[in-house]
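Data first, discussion second: the structure below is written as C-alpha cells.
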Amino acid sequence: MNNVVIIGGGASGMAAAITASEDKNNNIILLERQQRVGKKLLSTGNGRCNLTNTGAFSGHYHGSQPGFPDAVLAGFTPDDTLRFFDTLGLSVSREYGGRVYPQSNSANSVVDVLRFALMRDNITVKTSCPARKIERRGEGFAVLTDEGAISADFVIVSCGGAAGARVGGVHDGYELLKPLGHKCTRLLPSLVQLITDPTYPRALKGVRVMAKLRLENDGEALAQSGGELQFTETGLSGPAAFDISRAAAKTGRGVIHIDLSGDTDIEYKLRTRIKNNPALCADDALTGVLHNRLGKMTVKYAGVPGSMPLDKLTDADIAAIANACRDFAIALRGVEDFDHAQVTAGGIKTTGVNPETLESWFVPHLFITGELLDVDADCGGFNLQWAWASGVTAGRLGK
C-alpha cells in the first residue's frame, strides 16, 4: 500500500486525489489548511466557475519555459475534463469563446461534486491542517503538520499560488519546496484589475463595453487583447483588461490604447447622424454606437465641446471623434495587488520538473501541480484547465 500525501485541497489537489484513488493500492491523505476544500474555486468566474475552455492550447499559457505545459495539456484535454466531470454527475453549458460553466451557474456545484468524489474508502481529507515541512526520510517522506508527522511514499504539492489571499492564496508551497532544491521566479499578480489615471474611468464607473486593448511602453507594444472591458473608479477591469494584466504588472507603467469602434465605420455613423439630426448637440453624436456616458466622454476626450450643434462640426472635429473611438488612451499606473488577483504569474521554476509527469527532477516521488508552478494563462477557463490537467497528471504518480 502506497501512502500518498497531497498538500492543498484546491482544484489541482482534488483532481490529483481523485485520480490517485483509482488505484486501490494507494492510500491518499489530502491536507487542506482551510476549514473546507475548494474555497478558492467558489470565487472563480464571478461565482459561476468557468471550469475549462474548449480551445485550451499552449498559445494561451505563459511562463519562463515556453512549451512546458504542452505535454500535460495534451495528456488531459478539455474533452477529458468534460468527461471527468460528467462521471462526477456535473451538467455543463457552453458559452462564447469556448467557455464552459456548470449548468447550475454556481461554482458550488463544481465544489460539491468534487467533494462527493473525495468520499472514497482510500481517501482521508484533513481540513484546517496545513503542512509545515516536507522531510526526505529514506526513499519516502515525512510531512510535518500541527497534528504530527505523516509518513508518505509519494507527495503531491498542490498548494496553489499567492493570488487571492482572501480566499486561500498562500506562499506555503514555495516555502515547502525551497529546502528540497526548487527555486521560484518573481511572483506577480495576474488576471487582475488595472490601475490607471482615474480621470476618465472614474467618470465611467460601471460602464461595460466590448473593446480591443493594446498596452504600450515607450512606443513598444507589450500586450494586446479583446473582449469585455469594464470601467472602475480606479481603472479598468473585465476579461480584456485581465488578459493584459500580466504584462501590466511586469512593466508597472505605460499607456493603454482602447479601440471602442468594433466593426463600425465611425465616420459614416457620424455623418449620417449630422445629416438626420443637425440640431442635436455633439454630446449625442455617438448615441446608438456607444453607451451614452461613454459616448459623451469620448466626445469630450476628442476635445469637441459637447454643446456644439452637430451641423457646426468640422471635418477635423469628425476625424477627432472617430480617432478617439479607435484610440482612447489612458496612462497605466500599475495593477491591484495579490489580494485582488485571480492568478499568480510566476512560480516554482519548471526547469526542475519533468514536463511529462510533473515529478521533481531533484526529489523522486515528489510532484508539483497547478498555479504553484511557473505556468499561468489567459482569462476564460484556461487556468482551471491547467489545474485539472496537472492534478490528474500528478495523480497518476509517474505512470
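If you're wondering about the labels, chains in the C-alpha cells are A, B, ... by order shown, residues count from 1 in each chain, ligands from 1 in order shown.
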Using only C-alpha atoms, determine which residues lie at most 12 Å from A:Ser12, disregarding the query and same-chain residues fewer than 5 positions distant; provide the list as a PyMOL selection string.
chain A and resi 6-7+17-19+30+37-38+40-41+51+114+156-161+367-373+383-395
Looking at only C-alpha atoms, which of A:Ala322, A:Met210, A:Ala117, A:Met308 is the one that sits closest to A:Leu286?
A:Ala322
Would you return as a PyMOL selection string the members of stretch 135-319 of chain A that DSSP assigns to strand (DSSP E or B) on this structure's backbone?
chain A and resi 135-137+140-145+148-152+154-157+184+188-190+194-196+208-217+220-231+235-237+254-259+281+287+290+309
Helix (DSSP H, G or I) call set, DSSP backbone run, stretch 122-339 of chain A, as JSON, numbers by chain:
{"A": [165, 166, 167, 172, 173, 174, 175, 176, 177, 178, 179, 180, 199, 200, 201, 202, 203, 239, 240, 241, 242, 245, 246, 247, 248, 249, 250, 251, 266, 267, 268, 269, 270, 271, 272, 273, 274, 275, 276, 282, 283, 284, 292, 293, 294, 295, 296, 297, 298, 299, 300, 301, 310, 311, 312, 315, 316, 317, 318, 319, 320, 321, 322, 323, 324, 325, 326]}
From the options A:His365, A:Lys24, A:Lys250, A:Lys205, which residue's atoms come nearest to A:Leu188, counting only C-alpha atoms?
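So, comparing all the options, the nearest one is A:Lys250.
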Looking at only C-alpha atoms, which of A:Asn292, A:Ser93, A:Thr344, A:Thr314 is the one that sits closest to A:Arg208?
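Checking each of A:Asn292, A:Ser93, A:Thr344, A:Thr314 against A:Arg208, counting only C-alpha atoms, the winner is A:Asn292.
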Could you name the residues that touch A:Lys269 at 10 Å or less, counting only C-alpha atoms, but leaving out those on the same chain fewer than 5 positions away, as a list in words?
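Surrounding residues, per the criterion: Thr264, Ile274, Lys275, Ala285, Leu286, Thr287, Gly288, Val289 and Ala322 of chain A.
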For atom CA of A:Leu191 and atom CA of A:Phe231, quote the distance in Å rounded to one decimal.
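Interatomic distance, atom CA of A:Leu191 to atom CA of A:Phe231: 15.3 Å.
Contact shell of stretch 177-187 of chain A at 6 Å (only C-alpha atoms; same-chain neighbours under 6 positions omitted): Ala345, Gly346, Gly347, Ile348 and Lys349 of chain A.
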List the neighbours of A:Gly67 out to 12 Å using only C-alpha atoms; skip same-chain residues closer than 2 positions along the sequence, and give me the result as a PyMOL selection string.
chain A and resi 57-65+69-74+350-351+355-356+374-375
Write out as a ChimeraX atom specification the residues lying within 9 Å of stretch 227-229 of chain A, counting only C-alpha atoms and excluding same-chain residues fewer than 6 positions away.
/A:207-213,236-241
Suppose we keep C-alpha atoms; can you now write the selection as a PDB file, in the first residue's frame?
```pdb
ATOM      1  CA  VAL A 207     -19.842  51.086 -17.870  1.00  0.00           C
ATOM      2  CA  ARG A 208     -19.136  47.867 -19.810  1.00  0.00           C
ATOM      3  CA  VAL A 209     -18.153  47.726 -23.464  1.00  0.00           C
ATOM      4  CA  MET A 210     -16.640  45.312 -25.971  1.00  0.00           C
ATOM      5  CA  ALA A 211     -13.215  46.674 -26.904  1.00  0.00           C
ATOM      6  CA  LYS A 212      -9.709  45.919 -28.087  1.00  0.00           C
ATOM      7  CA  LEU A 213      -6.803  46.873 -25.835  1.00  0.00           C
ATOM      8  CA  LEU A 236     -10.062  49.055 -15.927  1.00  0.00           C
ATOM      9  CA  SER A 237     -11.444  45.591 -15.248  1.00  0.00           C
ATOM     10  CA  GLY A 238     -13.127  42.759 -17.142  1.00  0.00           C
ATOM     11  CA  PRO A 239     -11.627  39.992 -19.318  1.00  0.00           C
ATOM     12  CA  ALA A 240      -9.986  42.374 -21.812  1.00  0.00           C
ATOM     13  CA  ALA A 241      -8.147  44.181 -19.006  1.00  0.00           C
TER      14      ALA A 241
END
```
